[in-house]
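Shown next: coords-v3.tsv, given as TSV, C-alpha atoms.
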chain	number	residue	atom	x	y	z
A	815	MET	CA	-9.79	12.33	-20.38
A	816	ALA	CA	-7.10	12.04	-23.06
A	817	THR	CA	-3.98	10.04	-22.25
A	818	GLU	CA	-1.69	12.93	-23.18
A	819	GLN	CA	-3.45	15.24	-20.71
A	820	ILE	CA	-2.87	12.79	-17.86
A	821	ILE	CA	0.73	12.10	-18.89
A	822	THR	CA	1.47	15.82	-19.04
A	823	ARG	CA	-0.26	16.49	-15.72
A	824	TYR	CA	1.72	13.83	-13.86
A	825	ARG	CA	5.02	13.98	-15.76
A	826	PRO	CA	7.91	14.01	-13.25
A	827	ALA	CA	9.52	17.42	-12.83
A	828	GLN	CA	12.50	16.35	-10.72
A	829	PHE	CA	15.01	13.51	-10.88
A	830	LYS	CA	13.70	12.01	-7.62
A	831	GLU	CA	10.23	11.69	-9.17
A	832	ILE	CA	11.47	9.52	-12.05
A	833	LEU	CA	10.76	5.99	-10.84
A	834	GLY	CA	12.24	2.78	-12.16
A	835	GLN	CA	15.22	4.41	-13.91
A	836	GLU	CA	17.63	4.92	-11.02
A	837	GLY	CA	20.70	3.91	-13.04
A	838	ALA	CA	19.96	6.30	-15.90
A	839	VAL	CA	19.13	9.12	-13.48
A	840	ARG	CA	22.42	8.68	-11.61
A	841	ALA	CA	24.33	8.70	-14.88
A	842	VAL	CA	22.72	11.96	-15.98
A	843	GLU	CA	23.16	13.64	-12.59
A	844	GLN	CA	26.91	13.07	-12.89
A	845	LEU	CA	26.98	14.97	-16.20
A	846	LEU	CA	25.40	18.24	-15.16
A	847	ASP	CA	28.53	20.38	-14.87
A	848	GLY	CA	27.87	21.81	-18.33
A	849	SER	CA	30.72	20.08	-20.11
A	850	THR	CA	28.51	17.44	-21.74
A	851	HIS	CA	26.28	18.86	-24.49
A	852	ASN	CA	25.09	15.80	-26.43
A	853	PHE	CA	22.99	13.07	-24.81
A	854	MET	CA	21.43	9.99	-26.37
A	855	PHE	CA	18.74	8.12	-24.43
A	856	SER	CA	17.66	4.71	-25.71
A	857	GLY	CA	15.09	2.25	-24.43
A	858	PRO	CA	11.64	0.77	-25.07
A	859	PRO	CA	8.64	3.05	-25.72
A	860	GLY	CA	7.08	4.79	-22.75
A	861	VAL	CA	9.86	4.30	-20.18
A	862	GLY	CA	10.73	7.98	-19.66
A	863	LYS	CA	13.31	9.00	-22.26
A	864	THR	CA	11.68	12.34	-23.07
A	865	THR	CA	10.85	12.94	-19.42
A	866	LEU	CA	14.47	12.40	-18.40
A	867	ALA	CA	15.59	14.78	-21.13
A	868	LYS	CA	13.22	17.51	-19.93
A	869	VAL	CA	14.24	17.12	-16.30
A	870	ALA	CA	17.92	17.20	-17.28
A	871	ALA	CA	17.30	20.31	-19.37
A	872	GLY	CA	15.80	22.03	-16.34
A	873	ALA	CA	18.72	21.01	-14.17
A	874	LEU	CA	21.11	22.48	-16.75
A	875	GLY	CA	19.33	25.81	-16.56
A	876	CYS	CA	17.77	25.68	-20.01
A	877	THR	CA	15.27	28.50	-20.50
A	878	THR	CA	14.12	27.19	-23.88
A	879	ILE	CA	13.14	23.63	-24.76
A	880	ASP	CA	12.78	22.92	-28.47
A	881	GLU	CA	11.17	19.52	-29.02
A	882	ILE	CA	11.43	17.92	-32.46
A	883	ASP	CA	9.47	14.90	-33.68
A	884	ALA	CA	11.95	13.24	-36.02
A	885	VAL	CA	9.25	11.07	-37.59
A	886	SER	CA	7.48	14.10	-39.10
A	887	ASN	CA	10.61	16.27	-39.42
A	888	SER	CA	13.05	13.77	-40.81
A	889	GLY	CA	14.47	15.63	-43.80
A	890	VAL	CA	17.74	17.47	-44.26
A	891	ASP	CA	16.03	20.82	-44.92
A	892	GLU	CA	14.23	20.76	-41.57
A	893	MET	CA	17.40	19.84	-39.71
A	894	ARG	CA	19.50	22.46	-41.50
A	895	GLU	CA	16.99	25.08	-40.43
A	896	ARG	CA	17.15	23.82	-36.84
A	897	THR	CA	20.94	23.96	-36.77
A	898	ARG	CA	20.90	27.42	-38.35
A	899	LEU	CA	18.61	28.75	-35.63
A	900	ALA	CA	20.66	26.93	-32.97
A	901	LYS	CA	23.61	29.18	-33.76
A	902	TYR	CA	21.87	32.02	-31.93
A	903	PRO	CA	21.38	32.06	-28.15
A	904	PRO	CA	17.83	31.99	-26.73
A	905	LEU	CA	16.14	35.39	-26.59
A	906	GLU	CA	15.37	34.73	-22.93
A	907	GLY	CA	19.04	34.23	-22.19
A	908	GLY	CA	20.39	31.10	-20.51
A	909	SER	CA	20.67	27.81	-22.40
A	910	ARG	CA	18.60	25.90	-24.94
A	911	ALA	CA	17.66	22.22	-24.90
A	912	ILE	CA	16.92	20.58	-28.25
A	913	ILE	CA	15.09	17.29	-27.74
A	914	VAL	CA	14.84	15.07	-30.83
A	915	ASP	CA	12.24	12.36	-30.20
A	916	GLU	CA	12.34	9.13	-32.24
A	917	CYS	CA	15.65	10.34	-33.69
A	918	HIS	CA	16.18	7.08	-35.60
A	919	GLY	CA	13.60	8.53	-38.03
A	920	LEU	CA	16.06	11.17	-39.30
A	921	SER	CA	17.42	10.66	-42.78
A	922	GLN	CA	21.13	10.07	-43.37
A	923	LYS	CA	21.52	13.53	-44.88
A	924	ALA	CA	19.75	15.08	-41.90
A	925	TRP	CA	22.27	13.41	-39.60
A	926	GLU	CA	25.14	14.61	-41.77
A	927	SER	CA	23.88	18.19	-41.43
A	928	LEU	CA	24.00	17.77	-37.65
A	929	LEU	CA	27.51	16.38	-37.29
A	930	ILE	CA	29.35	19.72	-37.28
A	931	GLU	CA	27.01	21.09	-34.61
A	932	LEU	CA	27.47	17.96	-32.49
A	933	GLU	CA	31.23	18.11	-32.94
A	934	ASN	CA	31.41	21.70	-31.74
A	935	PRO	CA	28.11	22.53	-29.98
A	936	ALA	CA	27.43	26.12	-29.04
A	937	PRO	CA	27.97	26.63	-25.29
A	938	PHE	CA	24.30	27.53	-24.84
A	939	ASN	CA	22.95	24.39	-26.62
A	940	PHE	CA	22.27	20.94	-25.16
A	941	TRP	CA	21.14	18.19	-27.52
A	942	PHE	CA	19.02	15.26	-26.32
A	943	PHE	CA	18.26	12.39	-28.69
A	944	SER	CA	15.78	9.64	-27.78
A	945	THR	CA	15.37	6.40	-29.68
A	946	THR	CA	13.84	2.96	-29.33
A	947	THR	CA	16.28	1.50	-31.88
A	948	PRO	CA	19.83	2.64	-31.07
A	949	GLN	CA	21.24	0.08	-33.50
A	950	LYS	CA	19.92	2.27	-36.33
A	951	MET	CA	21.89	5.30	-35.19
A	952	PRO	CA	24.93	6.41	-37.23
A	953	ILE	CA	28.16	5.48	-35.46
A	954	ALA	CA	29.53	9.00	-35.97
A	955	VAL	CA	26.57	10.40	-34.04
A	956	LYS	CA	26.90	7.90	-31.18
A	957	GLN	CA	30.57	8.79	-30.84
A	958	ARG	CA	29.65	12.42	-30.27
A	959	CYS	CA	27.05	11.68	-27.58
A	960	VAL	CA	26.96	10.28	-24.08
A	961	CYS	CA	24.73	7.22	-24.56
A	962	ILE	CA	22.49	6.17	-21.68
A	963	THR	CA	20.10	3.22	-21.74
A	964	LEU	CA	16.72	3.22	-20.00
A	965	VAL	CA	15.18	-0.11	-19.02
A	966	PRO	CA	11.61	-1.46	-18.85
A	967	VAL	CA	10.00	-0.27	-15.63
A	968	ASN	CA	9.21	-2.84	-12.94
A	969	THR	CA	5.52	-3.80	-12.82
A	970	GLY	CA	5.29	-2.89	-9.12
A	971	VAL	CA	6.63	0.58	-9.85
A	972	ILE	CA	4.10	1.07	-12.64
A	973	GLU	CA	1.30	-0.05	-10.31
A	974	LYS	CA	2.40	2.57	-7.75
A	975	VAL	CA	2.35	5.26	-10.44
A	976	LEU	CA	-1.15	4.20	-11.50
A	977	TRP	CA	-2.45	4.30	-7.94
A	978	ASP	CA	-0.90	7.73	-7.38
A	979	ILE	CA	-2.75	9.01	-10.45
A	980	ALA	CA	-6.01	7.29	-9.50
A	981	ASP	CA	-5.88	8.75	-5.99
A	982	ALA	CA	-5.07	12.24	-7.26
A	983	GLU	CA	-7.92	12.09	-9.79
A	984	LYS	CA	-10.28	10.61	-7.15
A	985	TRP	CA	-10.92	7.53	-9.26
A	986	ASP	CA	-11.90	4.29	-7.51
A	987	PRO	CA	-10.80	1.39	-9.73
A	988	LEU	CA	-10.87	-2.24	-8.65
A	989	ASN	CA	-7.66	-3.22	-6.86
A	990	LYS	CA	-7.05	-6.18	-9.13
A	991	ALA	CA	-7.86	-4.07	-12.19
A	992	VAL	CA	-4.93	-1.74	-11.47
A	993	THR	CA	-2.64	-4.72	-10.94
A	994	ILE	CA	-3.70	-6.15	-14.30
A	995	ALA	CA	-3.28	-2.76	-16.00
A	996	ALA	CA	0.28	-2.53	-14.70
A	997	ALA	CA	1.11	-6.12	-15.63
A	998	LYS	CA	-0.15	-5.61	-19.19
A	999	ALA	CA	1.93	-2.44	-19.60
A	1000	ASP	CA	5.03	-4.47	-20.57
A	1001	GLY	CA	7.36	-2.18	-18.66
A	1002	SER	CA	5.97	1.03	-20.16
A	1003	VAL	CA	4.60	3.70	-17.82
A	1004	ARG	CA	2.85	5.35	-20.76
A	1005	GLN	CA	1.09	2.09	-21.65
A	1006	GLY	CA	0.20	1.61	-18.00
A	1007	ILE	CA	-1.53	5.01	-17.93
A	1008	GLN	CA	-3.37	4.18	-21.15
A	1009	ASN	CA	-4.53	0.93	-19.55
A	1010	LEU	CA	-5.65	2.74	-16.40
A	1011	LEU	CA	-7.82	5.12	-18.41
A	1012	LYS	CA	-9.49	2.15	-20.06
A	1013	ILE	CA	-10.26	0.20	-16.88
A	1014	LYS	CA	-10.84	2.85	-14.21
A	1015	ASP	CA	-14.64	2.48	-14.44
A	1016	CYS	CA	-14.80	-1.31	-14.81
A	1017	ASN	CA	-16.98	-3.15	-12.30
A	1018	GLU	CA	-15.95	-6.71	-13.18
A	1019	ILE	CA	-12.54	-8.31	-13.78
A	1020	ASP	CA	-13.83	-9.96	-16.98
A	1021	GLU	CA	-14.61	-6.46	-18.23
A	1022	VAL	CA	-11.06	-5.39	-17.42
A	1023	TYR	CA	-9.66	-8.17	-19.59
A	1024	ASP	CA	-12.07	-7.22	-22.38
A	1025	MET	CA	-10.95	-3.59	-22.21
A	1026	LEU	CA	-7.28	-4.51	-22.31
A	1027	ASP	CA	-7.74	-7.10	-25.03
A	1028	GLU	CA	-5.59	-6.51	-28.08
A	1029	GLN	CA	-8.67	-7.05	-30.22
A	1030	PRO	CA	-9.46	-3.87	-32.21
A	1031	GLY	CA	-12.56	-2.03	-31.05
A	1032	ALA	CA	-12.69	-3.64	-27.59
A	1033	SER	CA	-12.69	-0.36	-25.65
A	1034	GLN	CA	-15.28	1.22	-27.96
A	1035	GLY	CA	-17.46	-1.88	-27.65
A	1036	ILE	CA	-17.44	-1.68	-23.86
A	1037	ASP	CA	-18.15	2.06	-24.03
A	1038	LEU	CA	-21.15	1.34	-26.23
A	1039	ALA	CA	-22.39	-1.40	-23.87
A	1040	ARG	CA	-22.12	0.97	-20.89
A	1041	ALA	CA	-24.01	3.69	-22.73
A	1042	LEU	CA	-26.79	1.29	-23.70
A	1043	VAL	CA	-27.14	0.08	-20.11
A	1044	LYS	CA	-27.34	3.69	-18.89
A	1045	HIS	CA	-30.29	4.40	-21.24
A	1046	ALA	CA	-28.18	6.72	-23.44
A	1047	ARG	CA	-30.01	8.40	-26.30
A	1048	TRP	CA	-29.50	7.95	-30.02
A	1049	PRO	CA	-26.98	10.82	-30.61
A	1050	GLU	CA	-24.57	9.60	-27.90
A	1051	LEU	CA	-24.79	5.99	-29.06
A	1052	ILE	CA	-24.13	6.92	-32.68
A	1053	GLU	CA	-21.09	8.99	-31.74
A	1054	ILE	CA	-19.58	5.94	-30.03
A	1055	ALA	CA	-20.54	3.63	-32.89
A	1056	LYS	CA	-18.77	5.89	-35.39
A	1057	THR	CA	-15.46	5.34	-33.56
A	1058	LEU	CA	-15.50	1.57	-34.11
A	1059	PRO	CA	-12.68	0.30	-36.35
A	1060	PRO	CA	-13.74	-1.32	-39.63
A	1061	ASN	CA	-14.91	-4.94	-39.55
A	1062	THR	CA	-15.43	-5.08	-35.78
A	1063	ILE	CA	-19.22	-5.02	-35.47
A	1064	GLU	CA	-19.55	-8.75	-34.76
A	1065	SER	CA	-16.88	-8.69	-32.04
A	1066	THR	CA	-18.60	-5.56	-30.70
A	1067	ARG	CA	-21.93	-7.40	-30.61
A	1068	TYR	CA	-20.28	-10.22	-28.66
A	1069	LEU	CA	-18.79	-7.78	-26.11
A	1070	ILE	CA	-22.14	-6.02	-25.65
A	1071	VAL	CA	-24.03	-9.29	-25.09
A	1072	ASN	CA	-21.52	-10.52	-22.52
A	1073	TYR	CA	-21.41	-7.18	-20.70
A	1074	VAL	CA	-25.19	-6.72	-20.57
A	1075	ALA	CA	-25.85	-10.34	-19.55
A	1076	LYS	CA	-23.84	-9.76	-16.36
A	1077	VAL	CA	-25.70	-6.52	-15.64
A	1078	VAL	CA	-29.14	-8.05	-16.16
A	1079	VAL	CA	-28.58	-10.67	-13.45
A	1080	GLY	CA	-28.83	-8.04	-10.71
A	1081	ALA	CA	-31.13	-5.54	-12.48
A	1082	LYS	CA	-34.70	-4.61	-11.58
A	1083	GLY	CA	-37.54	-2.56	-13.03
A	1084	SER	CA	-36.72	-0.38	-16.02
A	1085	ASP	CA	-33.06	-1.38	-15.90
A	1086	LEU	CA	-34.05	-5.03	-16.25
A	1087	GLU	CA	-36.42	-4.24	-19.13
A	1088	ASN	CA	-33.73	-2.20	-20.85
A	1089	GLY	CA	-31.14	-4.94	-20.40
A	1090	LEU	CA	-33.42	-7.61	-21.84
A	1091	ALA	CA	-34.23	-5.35	-24.79
A	1092	ILE	CA	-30.52	-4.95	-25.50
A	1093	LEU	CA	-29.95	-8.70	-25.35
A	1094	ARG	CA	-32.83	-9.32	-27.78
A	1095	ALA	CA	-31.60	-6.69	-30.22
A	1096	PHE	CA	-28.05	-8.03	-30.20
A	1097	SER	CA	-28.86	-11.76	-29.92
A	1098	LYS	CA	-28.28	-12.72	-33.57
A	1099	PRO	CA	-24.83	-12.57	-35.24
A	1100	PHE	CA	-24.24	-9.59	-37.49
A	1101	ALA	CA	-23.62	-10.25	-41.17
A	1102	SER	CA	-20.18	-9.22	-42.38
A	1103	GLY	CA	-19.71	-6.78	-45.23
A	1104	GLU	CA	-22.59	-4.51	-44.22
A	1105	GLY	CA	-20.60	-1.92	-42.30
A	1106	LEU	CA	-22.36	-0.36	-39.32
A	1107	ALA	CA	-25.86	-1.08	-40.65
A	1108	PRO	CA	-26.66	-4.15	-38.47
A	1109	LEU	CA	-25.35	-2.37	-35.37
A	1110	LEU	CA	-27.40	0.75	-36.07
A	1111	LEU	CA	-30.52	-1.32	-36.69
A	1112	ALA	CA	-30.06	-3.09	-33.33
A	1113	ILE	CA	-29.73	0.27	-31.57
A	1114	ALA	CA	-32.78	1.58	-33.42
A	1115	GLU	CA	-34.77	-1.45	-32.25
A	1116	ILE	CA	-33.89	-0.61	-28.64
A	1117	MET	CA	-34.79	3.05	-29.12
A	1118	ASP	CA	-38.10	2.07	-30.70
A	1119	GLY	CA	-38.94	-0.18	-27.72
A	1120	ARG	CA	-38.20	2.64	-25.27
A	1121	SER	CA	-40.62	4.98	-27.05
A	1122	LYS	CA	-43.56	2.61	-26.70
Would you encode the structure as structure tokens?
Amino acid sequence: MATEQIITRYRPAQFKEILGQEGAVRAVEQLLDGSTHNFMFSGPPGVGKTTLAKVAAGALGCTTIDEIDAVSNSGVDEMRERTRLAKYPPLEGGSRAIIVDECHGLSQKAWESLLIELENPAPFNFWFFSTTTPQKMPIAVKQRCVCITLVPVNTGVIEKVLWDIADAEKWDPLNKAVTIAAAKADGSVRQGIQNLLKIKDCNEIDEVYDMLDEQPGASQGIDLARALVKHARWPELIEIAKTLPPNTIESTRYLIVNYVAKVVVGAKGSDLENGLAILRAFSKPFASGEGLAPLLLAIAEIMDGRSK
């Protein structure tokens, strides 16, 4: 399941559900009388800036939420069009929240086109800016916003979030695996969820570390090893192989050998034969500069042995 699907499914909908940001939540709750229209949330990636903005928008009675990715909509023309449309109240009535994610990506001219709106915001508009680099923000913009800082989330809090998701999804990860996933999240709930999705099916702690390794292609390599062990057919194996980053086939071979060697120790019958066939096919180092060819030949060797 995609990370974004899980994040959306379990995104907090109320202030009390936002964990690890008690100070920021209290600050926002004190500004909900409608007199504050411009908010700026700063903090590391994945700590809940956009979530806090959406919850605050709901608490302010916003019937429309307009979310802007400033990285891909950074120019003055896009922002002028946004401010032009913002002059009109929402068709549904009520108020409008305009959430500008990664707002440090806006150009200087885009910010200049926003200043008049921020100076005198329409009574039905609430602006929320989120950034990981507040030092890049124009001073004139900061002066027109209430600036609130979000902090890295405590590892124990992230672990609780991961267990809540695992329980709700009826996953059964290793206890220590979830602890490791939380610890390697570096204070980011989003990263913690990404880690959980990688390790939820791991059976060994060494496998967990492999999956969370920063080495490119580690997760795809483990996926390929699992598929080989489960007697997957050629089409499924090739689909996984095609997702490998460039120049990672030798590290992938190493991951597969280590994974399968642990499985073989307790295997019997056809599973043992299959495991040994995988180890033979992947026993010799792959030559660099040949793309996926050595990997595909090793898989083909296994497939050929199964057909005999």
(message) Report as an NGL selection string all protein, DNA and RNA residues lying within 7 Å of Phe940 (chain A), evaluated on all atoms listed in the file, omitting residues in the same chain fewer than 2 positions from it.
(response) :A and (851-852 or 910-912 or 938 or 942)
(message) Considering only C-alpha atoms, can you say which of A:His918, A:Lys1014, A:Lys1044, A:Arg958 comes closest to Trp985 (chain A)?
(response)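 Closest to Trp985 (chain A), using only C-alpha atoms: A:Lys1014.
Comparing the minimum interatomic distances between Lys950 (chain A) and each of A:Glu973, A:Glu1018, A:Asp978, A:Glu916, counting only C-alpha atoms, we find that A:Glu916 sits nearest.
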Expected residue set, 7 Å radius at (-7.4, -0.2, -13.6), only C-alpha atoms, as a PDB file with C-alpha atoms, in the frame of the given file:
ATOM      1  CA  PRO A 987     -10.800   1.390  -9.730  1.00  0.00           C
ATOM      2  CA  LEU A 988     -10.870  -2.240  -8.650  1.00  0.00           C
ATOM      3  CA  ALA A 991      -7.860  -4.070 -12.190  1.00  0.00           C
ATOM      4  CA  VAL A 992      -4.930  -1.740 -11.470  1.00  0.00           C
ATOM      5  CA  ALA A 995      -3.280  -2.760 -16.000  1.00  0.00           C
ATOM      6  CA  ASN A1009      -4.530   0.930 -19.550  1.00  0.00           C
ATOM      7  CA  LEU A1010      -5.650   2.740 -16.400  1.00  0.00           C
ATOM      8  CA  ILE A1013     -10.260   0.200 -16.880  1.00  0.00           C
ATOM      9  CA  LYS A1014     -10.840   2.850 -14.210  1.00  0.00           C
TER      10      LYS A1014
END
(request) Have a look at CA of Lys956 (chain A) and CA of Met854 (chain A) and let me know their distance in Å, one decimal. (result)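 These atoms are spaced 7.6 Å apart.
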(message) Show me, as a PyMOL selection string, the residues that have an atom within 8 Å of Ile1007 (chain A) when counting only C-alpha atoms, minus same-chain residues fewer than 6 positions from it.
(response) chain A and resi 817+820-821+976
(request) Please measure the separation of CA of Ile1113 (chain A) and CA of Ile1019 (chain A), giving the value in Å to one decimal. (result) 26.2 Å
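The residue that comes closest to Val1043 (chain A), out of A:Gly1006, A:Glu906, A:Leu1011, A:Asn1088 and on the basis of only C-alpha atoms, is A:Asn1088.
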(request) Could you give me, as JSON, numbers by chain, the residues within 12 Å of region 1068-1077 of chain A, counting all atoms listed in the file and dropping anything in the same chain fewer than 5 positions from it? (result) {"A": [1016, 1017, 1018, 1019, 1020, 1021, 1022, 1023, 1024, 1025, 1027, 1029, 1030, 1031, 1032, 1033, 1034, 1035, 1036, 1037, 1038, 1039, 1040, 1041, 1042, 1043, 1044, 1062, 1063, 1082, 1085, 1086, 1087, 1088, 1089, 1090, 1091, 1092, 1093, 1094, 1095, 1096, 1097, 1098, 1099, 1100, 1109, 1112, 1113]}
(message) Using only C-alpha atoms, which protein or nucleic acid residues come within 12 Å of Glu836 (chain A)? Drop anything in the same chain fewer than 6 positions from it, and give the result as JSON, numbers by chain.
(response) {"A": [829, 830, 842, 843, 862, 866, 962, 963, 964, 965, 966, 967, 968, 971]}
(request) Find the residues around Leu928 (chain A) up to 12 Å (all atoms listed in the file counted), leave out those fewer than 3 positions away in its own chain, and share them as an MDAnalysis selection string. (result) chainID A and resid 852 889:898 900 914 917 920:925 931:935 941 943 952 954:955 958
Mind dumping the selected residues with C-alpha atoms as a CSV table (one decimal), in the coordinates of the input?
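Written file, again01.csv:
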chain,number,residue,atom,x,y,z
A,852,ASN,CA,25.1,15.8,-26.4
A,889,GLY,CA,14.5,15.6,-43.8
A,890,VAL,CA,17.7,17.5,-44.3
A,891,ASP,CA,16.0,20.8,-44.9
A,892,GLU,CA,14.2,20.8,-41.6
A,893,MET,CA,17.4,19.8,-39.7
A,894,ARG,CA,19.5,22.5,-41.5
A,895,GLU,CA,17.0,25.1,-40.4
A,896,ARG,CA,17.2,23.8,-36.8
A,897,THR,CA,20.9,24.0,-36.8
A,898,ARG,CA,20.9,27.4,-38.4
A,900,ALA,CA,20.7,26.9,-33.0
A,914,VAL,CA,14.8,15.1,-30.8
A,917,CYS,CA,15.6,10.3,-33.7
A,920,LEU,CA,16.1,11.2,-39.3
A,921,SER,CA,17.4,10.7,-42.8
A,922,GLN,CA,21.1,10.1,-43.4
A,923,LYS,CA,21.5,13.5,-44.9
A,924,ALA,CA,19.8,15.1,-41.9
A,925,TRP,CA,22.3,13.4,-39.6
A,931,GLU,CA,27.0,21.1,-34.6
A,932,LEU,CA,27.5,18.0,-32.5
A,933,GLU,CA,31.2,18.1,-32.9
A,934,ASN,CA,31.4,21.7,-31.7
A,935,PRO,CA,28.1,22.5,-30.0
A,941,TRP,CA,21.1,18.2,-27.5
A,943,PHE,CA,18.3,12.4,-28.7
A,952,PRO,CA,24.9,6.4,-37.2
A,954,ALA,CA,29.5,9.0,-36.0
A,955,VAL,CA,26.6,10.4,-34.0
A,958,ARG,CA,29.6,12.4,-30.3
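Between CA of Pro904 (chain A) and CA of Ala867 (chain A) the interatomic distance comes to 18.2 Å.
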(message) So, with all atoms listed in the file as the atoms that count, which of A:Ala980, A:Ala1046, A:Ala999, A:Ala1055 lies closest to Tyr824 (chain A)?
(response)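 Checking each candidate against Tyr824 (chain A), we get A:Ala980 as the closest.
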(request) Would you please work out which residue, of A:Tyr902, A:Asp883, A:Gly837, A:Gln828, is nearest to Ala870 (chain A) when using all atoms listed in the file? (result) A:Gln828
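Of the listed residues A:Ala997, A:Trp1048, A:Gly907, A:Ser1002, the one whose atoms come nearest to Leu833 (chain A) is A:Ser1002, with distances taken using all atoms listed in the file.
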When you get a chance, write out N, CA and C atoms for region 1014-1033 of chain A, as a short mmCIF file (atom, residue, chain, number, x, y, z; two decimals), in the coordinates of the input.
data_model
loop_
_atom_site.label_atom_id
_atom_site.label_comp_id
_atom_site.auth_asym_id
_atom_site.auth_seq_id
_atom_site.Cartn_x
_atom_site.Cartn_y
_atom_site.Cartn_z
N LYS A 1014 -10.54 2.18 -15.49
CA LYS A 1014 -10.84 2.85 -14.21
C LYS A 1014 -12.31 2.76 -13.81
N ASP A 1015 -13.21 2.56 -14.77
CA ASP A 1015 -14.64 2.48 -14.44
C ASP A 1015 -15.20 1.07 -14.51
N CYS A 1016 -14.33 0.08 -14.70
CA CYS A 1016 -14.80 -1.31 -14.81
C CYS A 1016 -15.32 -1.83 -13.47
N ASN A 1017 -16.39 -2.59 -13.52
CA ASN A 1017 -16.98 -3.15 -12.30
C ASN A 1017 -16.70 -4.64 -12.14
N GLU A 1018 -16.22 -5.28 -13.22
CA GLU A 1018 -15.95 -6.71 -13.18
C GLU A 1018 -14.57 -6.97 -13.78
N ILE A 1019 -13.88 -7.98 -13.27
CA ILE A 1019 -12.54 -8.31 -13.78
C ILE A 1019 -12.62 -8.80 -15.22
N ASP A 1020 -13.68 -9.52 -15.59
CA ASP A 1020 -13.83 -9.96 -16.98
C ASP A 1020 -13.88 -8.75 -17.90
N GLU A 1021 -14.53 -7.69 -17.44
CA GLU A 1021 -14.61 -6.46 -18.23
C GLU A 1021 -13.23 -5.83 -18.39
N VAL A 1022 -12.43 -5.93 -17.35
CA VAL A 1022 -11.06 -5.39 -17.42
C VAL A 1022 -10.28 -6.09 -18.52
N TYR A 1023 -10.37 -7.42 -18.55
CA TYR A 1023 -9.66 -8.17 -19.59
C TYR A 1023 -10.18 -7.82 -20.98
N ASP A 1024 -11.50 -7.62 -21.09
CA ASP A 1024 -12.07 -7.22 -22.38
C ASP A 1024 -11.51 -5.87 -22.82
N MET A 1025 -11.42 -4.93 -21.89
CA MET A 1025 -10.95 -3.59 -22.21
C MET A 1025 -9.48 -3.59 -22.62
N LEU A 1026 -8.71 -4.48 -22.02
CA LEU A 1026 -7.28 -4.51 -22.31
C LEU A 1026 -6.93 -5.54 -23.38
N ASP A 1027 -7.96 -6.14 -23.96
CA ASP A 1027 -7.74 -7.10 -25.03
C ASP A 1027 -7.10 -6.38 -26.22
N GLU A 1028 -6.22 -7.08 -26.90
CA GLU A 1028 -5.59 -6.51 -28.08
C GLU A 1028 -6.55 -6.42 -29.26
N GLN A 1029 -7.70 -7.04 -29.14
CA GLN A 1029 -8.67 -7.05 -30.22
C GLN A 1029 -9.12 -5.64 -30.56
N PRO A 1030 -9.04 -5.22 -31.83
CA PRO A 1030 -9.46 -3.87 -32.21
C PRO A 1030 -10.92 -3.61 -31.85
N GLY A 1031 -11.19 -2.43 -31.36
CA GLY A 1031 -12.56 -2.03 -31.05
C GLY A 1031 -13.06 -2.46 -29.70
N ALA A 1032 -12.22 -3.13 -28.88
CA ALA A 1032 -12.69 -3.64 -27.59
C ALA A 1032 -13.13 -2.51 -26.67
N SER A 1033 -12.33 -1.45 -26.56
CA SER A 1033 -12.69 -0.36 -25.65
C SER A 1033 -13.94 0.37 -26.12
#
